[in-house]
Amino acid sequence: MKIKANYTNEPAWKEINIYSKLPQELKILDEIAHNLWWVWNYEAIDMFTAINKTLWRATEGNPVLFLQQLTYKQLTAILEDESLMSRIKEVYAKFKSYIEQKPDPTKPSIAYFSMEYGLSNILKIYSGGLGVLAGDYIKEASDSSIDLCAVGFLYRYGYFSQSLAMDGQQIANYEPQRFDQLPVEQLTEKDGKPMILEVPFASHTVYAYVWQVKVGRVALYLMDTDFEMNSEWDRSITHKLYGGDWENRIKQEYLLGIGGIMLLNKLGIKKQVYHCNEGHAALINIQRLADYIANDHLTFNEALEAVRASALYTCHTPVPAGHDYFDEGLFSKYMNKFPELLGISWQDLMDMGRENPGSSEKFSMSVFALNTCQEANGVSLLHGKVSQKMFAPVWKGYFPEELHVGYVTNGVHMSTWAASEWRRFYEKNFDVNFYQDQSNPEIWEQIYNVPDDEIWNVRQTLKKRLINYIKDQFKDNWLKNQGDPSKVVSIMEKIDSNALLIGFGRRFATYKRAHLLFTDLDRLSRIVNNPQRPIQFIFTGKAHPADGGGQGLIKHIVEISRRSEFSGKIIFLENYDMRLAKRLISGVDVWLNTPTRPLEASGTSGEKAEMNGVLNFSVLDGWWYEGYRQGAGWALTDKRTYDNQDYQDQLDAATIYSMLENEIIPLYYAKNSKGYSPEWIQYIKNSIAQITPHYTTKRMIDDYIHRFYSKLVARYKYLSANKFAKAKEIAAWKEEVATHWDEIEVVSVVYDEMLVNKGLEVGDELRIEIVLDKKGLAGDIGVEFVSYKQDSVSNSIPENVRAVPLLLEKREGSKMYFGIALKASETGKSKFGFRIYPDNKDLPHRMDFAYVKWIN
């Protein structure tokens, strides 16, 4: 037998990770690294950079991974560097001083639920604006000493990373996160074993690990199902953010809502207010109902009073199609056990998520949230009005403007989004303590006392930093997808810090209208190729993997950017994340936003730009509808000229070109002998003084406290006292009204019909008398005169509705006699009617019990 010269099987490799072991003196670095306080404290970031700048950049600013990769030699060098050790101790002292402050007991305590949180680019549990807003909000809760905890998911893959193919087509890459390399800590039981949350689904149990992210003084709890106790079917629940089909979506929302409340119960956490950040979290209220019924022995209607009185729903979506709706069959597959737990029928449960109870509509998470939360709000003044119209079908007896749906305009966390250069600038020229009062406009007016050249120097520093970042971060990617290295070099050389830079960064949904700038390419070419007034546009953004239109738009822009006349003038940067966002909103000169009105619920990227001395050029929609100030930015009107959207787009595009040519570019290039435009600097000063203080999360969280949280805390305390005595009383009253509502009889309605038919003159008085018979109804009812002017109608919806309650003048048995004398005060044709409603001073608002009977 011939012996083979070599013979082996495949190697069986095992994985082992070897990390640095921090000396005792440097354990404080690990403590800082595992609290996201460092994200918004530049002294901490500067400290890590000073330890090893190259490694800090290589780990993409991840302090946990950074510390794991320090060599023994490097650790020894740190210990031997007295100056560096002194700096580390100073940062740690500031950190401990901050962390040890206790929550303010005068402020409400909050449990906050969201599908995503944008806290840092290294923690990929966010996709875009909704998540970044949630992340900013809990950072501000920490800064404002609010007793808040938050609940979400620790996704294995999170949202996708974006790259571009040679032809400009978006490629979605899902990269697994290494939890051991992130600033997260797994919660354990007393015996040291991982804490496991058991969440009963309809047919089986889903198990979740629990992780904690320390966000300053706030705890964010994240559930994770990706481990061996779950089936592959359930492990994927926390794989991807907004990934999978509708069944995976309902599993995620079931786990977030029902599992989220069970998690807080397991941790022994009780808060005064439960805040749903979007309808995804609405099922928290179904578990809360079940808990009140089981633990406090309340009936369903009594439990609903308690749940509603302590719940807030925030909507970020301006159109009905953007909300989650589930087929009854799919919803039943997961929720069929709850009617028994709640003591109601399956039809009752389904109807809580329907605009039209008794219909065959899908179950709407948003409608369910509205029916189980006392308070609801949009995220800007305009979006609040849009939300009232959108949700009006839930309360058909009332007109949109009468609804209780309010608003709190979104803000941004200043310490996260203001570049460190601006923060040092503000601390020097305002006061280091101004962060505690950053919503005070008087403080920001001090910007007018700062010399122009100081502002220009900060702007130029950040502009050059952005350009260097682009050249450093994107060269390799461009070489891969551009094909011709000489073109890449040419693009790099053309990016000019002396040019006017305009940025556009957002999710590439078609309503964002990123295409608007490219409507007239010949005119655009003339604008960007003027050698005396160079201008460059930087675009970035992701399209949802299922959004073919958005992906096509990205490809279209990339194709245009590669044309010879636009090379280096139109630039698309791939993989828009929080790190790139911060560079962009602080480095460009103008921030462009062109949504289809009124589809921008709020938008916060422009607010981030504001605090970095970047001027906004946007449609009057979302936050800019209320934020715009003349002489502090530019605006496209909120009024439509055409119903046809294509015509409107063409008009808006022409307006953009005109404003660039005649206003923005000339203003920027009206430079003095020092190389800048004093008029441009005045715009920056106006913008910082008049706009910025109104769009911080400090103002935002104060608004939530004053408009919603405090109101909810007071009402829940009132209802829950003496073992929920008032909740039980109100529930019994509602049951009584519901039972006898249809028995109400309109005995008479008397007014001078001849005078009405003839028409009143201003000053004339109209006497109205109405007699109602309550029959068997024990509680009180009211009746009101409702009117609106016929020329005050928008899309068939009456506006400027006036409701005047009639006075109860006497009672006789079950009969109630109402009357009022109304004086005509305005000219014009009006319509009027009479509306009967249940009357109870203990209701927070009419929508809480929206029974209405119109008198025929």
# chains A, B, ... in the order shown; residues from 1 in each chain; ligands from 1
>>> residues_around(residues="Lys555 in chain A", least_positions_apart="6", cutoff="9 Å", atoms="only C-alpha atoms", output="list in words")
Leu164, Asp167, Gly168, Gln169 and Gln170 of chain A
>>> select_by_dssp(residues="range 192-302 of chain A", states="strand (DSSP E)", output="PyMOL selection string")
chain A and resi 196-200+205-215+218-224+273-277
>>> write_last_selection(atoms="C-alpha atoms", output="JSON list (two decimals), in the first residue's frame")
[["chain", "number", "residue", "atom", "x", "y", "z"],
["A", 196, "ILE", "CA", -35.19, 35.54, 32.48],
["A", 197, "LEU", "CA", -38.59, 37.11, 31.89],
["A", 198, "GLU", "CA", -41.31, 34.60, 31.07],
["A", 199, "VAL", "CA", -43.98, 36.10, 28.82],
["A", 200, "PRO", "CA", -47.02, 33.89, 28.15],
["A", 205, "THR", "CA", -44.11, 30.97, 26.64],
["A", 206, "VAL", "CA", -41.51, 33.34, 25.21],
["A", 207, "TYR", "CA", -38.40, 33.91, 27.30],
["A", 208, "ALA", "CA", -36.44, 37.14, 27.36],
["A", 209, "TYR", "CA", -33.09, 38.12, 28.81],
["A", 210, "VAL", "CA", -33.10, 41.56, 30.38],
["A", 211, "TRP", "CA", -30.34, 44.07, 29.75],
["A", 212, "GLN", "CA", -29.85, 47.49, 31.25],
["A", 213, "VAL", "CA", -28.43, 50.58, 29.62],
["A", 214, "LYS", "CA", -27.47, 53.31, 32.04],
["A", 215, "VAL", "CA", -28.34, 56.65, 30.48],
["A", 218, "VAL", "CA", -32.06, 56.88, 33.89],
["A", 219, "ALA", "CA", -32.36, 53.13, 33.43],
["A", 220, "LEU", "CA", -33.30, 51.75, 30.01],
["A", 221, "TYR", "CA", -34.38, 48.09, 30.16],
["A", 222, "LEU", "CA", -34.06, 46.07, 26.97],
["A", 223, "MET", "CA", -35.57, 42.65, 26.28],
["A", 224, "ASP", "CA", -33.73, 40.06, 24.19],
["A", 273, "VAL", "CA", -47.47, 57.87, 34.31],
["A", 274, "TYR", "CA", -47.14, 55.29, 31.52],
["A", 275, "HIS", "CA", -46.10, 56.92, 28.25],
["A", 276, "CYS", "CA", -46.53, 55.14, 24.88],
["A", 277, "ASN", "CA", -44.11, 56.58, 22.34]]
>>> closest_residue(among="A:Trp634, A:Phe834, A:Tyr98, A:Phe539", to="Gly216 in chain A", atoms="only C-alpha atoms")
A:Tyr98
>>> closest_residue(among="A:Leu777, A:Ile730, A:Cys315, A:Ile705", to="Thr106 in chain A", atoms="only C-alpha atoms")
A:Ile705
>>> residues_around(residues="Leu342 in chain A", least_positions_apart="4", cutoff="12 Å", atoms="only C-alpha atoms", output="list in words")
Asn285, Ile286, Gln287, Arg288, Leu289, Ala290, Asp291, Tyr292, Ile293, Ala294, His297, Leu298, Thr299, Phe300, Asn301, Glu302, Ala303, Leu304, Met335, Asn336, Lys337, Phe338, Trp346, Asp348 and Leu349 of chain A
>>> write_last_selection(atoms="C-alpha atoms", output="PDB file, in the first residue's frame")
ATOM      1  CA  ASN A 285     -52.567  49.008  28.698  1.00  0.00           C
ATOM      2  CA  ILE A 286     -54.108  45.597  28.132  1.00  0.00           C
ATOM      3  CA  GLN A 287     -51.662  44.078  30.622  1.00  0.00           C
ATOM      4  CA  ARG A 288     -52.231  46.938  33.043  1.00  0.00           C
ATOM      5  CA  LEU A 289     -55.980  46.312  32.821  1.00  0.00           C
ATOM      6  CA  ALA A 290     -55.434  42.637  33.569  1.00  0.00           C
ATOM      7  CA  ASP A 291     -53.228  43.522  36.552  1.00  0.00           C
ATOM      8  CA  TYR A 292     -55.792  45.885  38.090  1.00  0.00           C
ATOM      9  CA  ILE A 293     -58.533  43.296  37.666  1.00  0.00           C
ATOM     10  CA  ALA A 294     -56.439  40.487  39.159  1.00  0.00           C
ATOM     11  CA  HIS A 297     -60.227  43.194  42.218  1.00  0.00           C
ATOM     12  CA  LEU A 298     -61.642  45.905  39.980  1.00  0.00           C
ATOM     13  CA  THR A 299     -64.179  45.303  37.231  1.00  0.00           C
ATOM     14  CA  PHE A 300     -63.108  45.975  33.650  1.00  0.00           C
ATOM     15  CA  ASN A 301     -64.763  49.405  33.572  1.00  0.00           C
ATOM     16  CA  GLU A 302     -63.256  50.349  36.936  1.00  0.00           C
ATOM     17  CA  ALA A 303     -59.809  49.178  35.823  1.00  0.00           C
ATOM     18  CA  LEU A 304     -60.159  51.182  32.614  1.00  0.00           C
ATOM     19  CA  MET A 335     -54.795  37.941  22.029  1.00  0.00           C
ATOM     20  CA  ASN A 336     -57.600  35.367  22.344  1.00  0.00           C
ATOM     21  CA  LYS A 337     -57.018  34.737  26.071  1.00  0.00           C
ATOM     22  CA  PHE A 338     -57.404  38.334  27.139  1.00  0.00           C
ATOM     23  CA  TRP A 346     -63.969  39.134  22.089  1.00  0.00           C
ATOM     24  CA  ASP A 348     -65.625  44.164  23.017  1.00  0.00           C
ATOM     25  CA  LEU A 349     -61.851  43.808  22.757  1.00  0.00           C
TER      26      LEU A 349
END
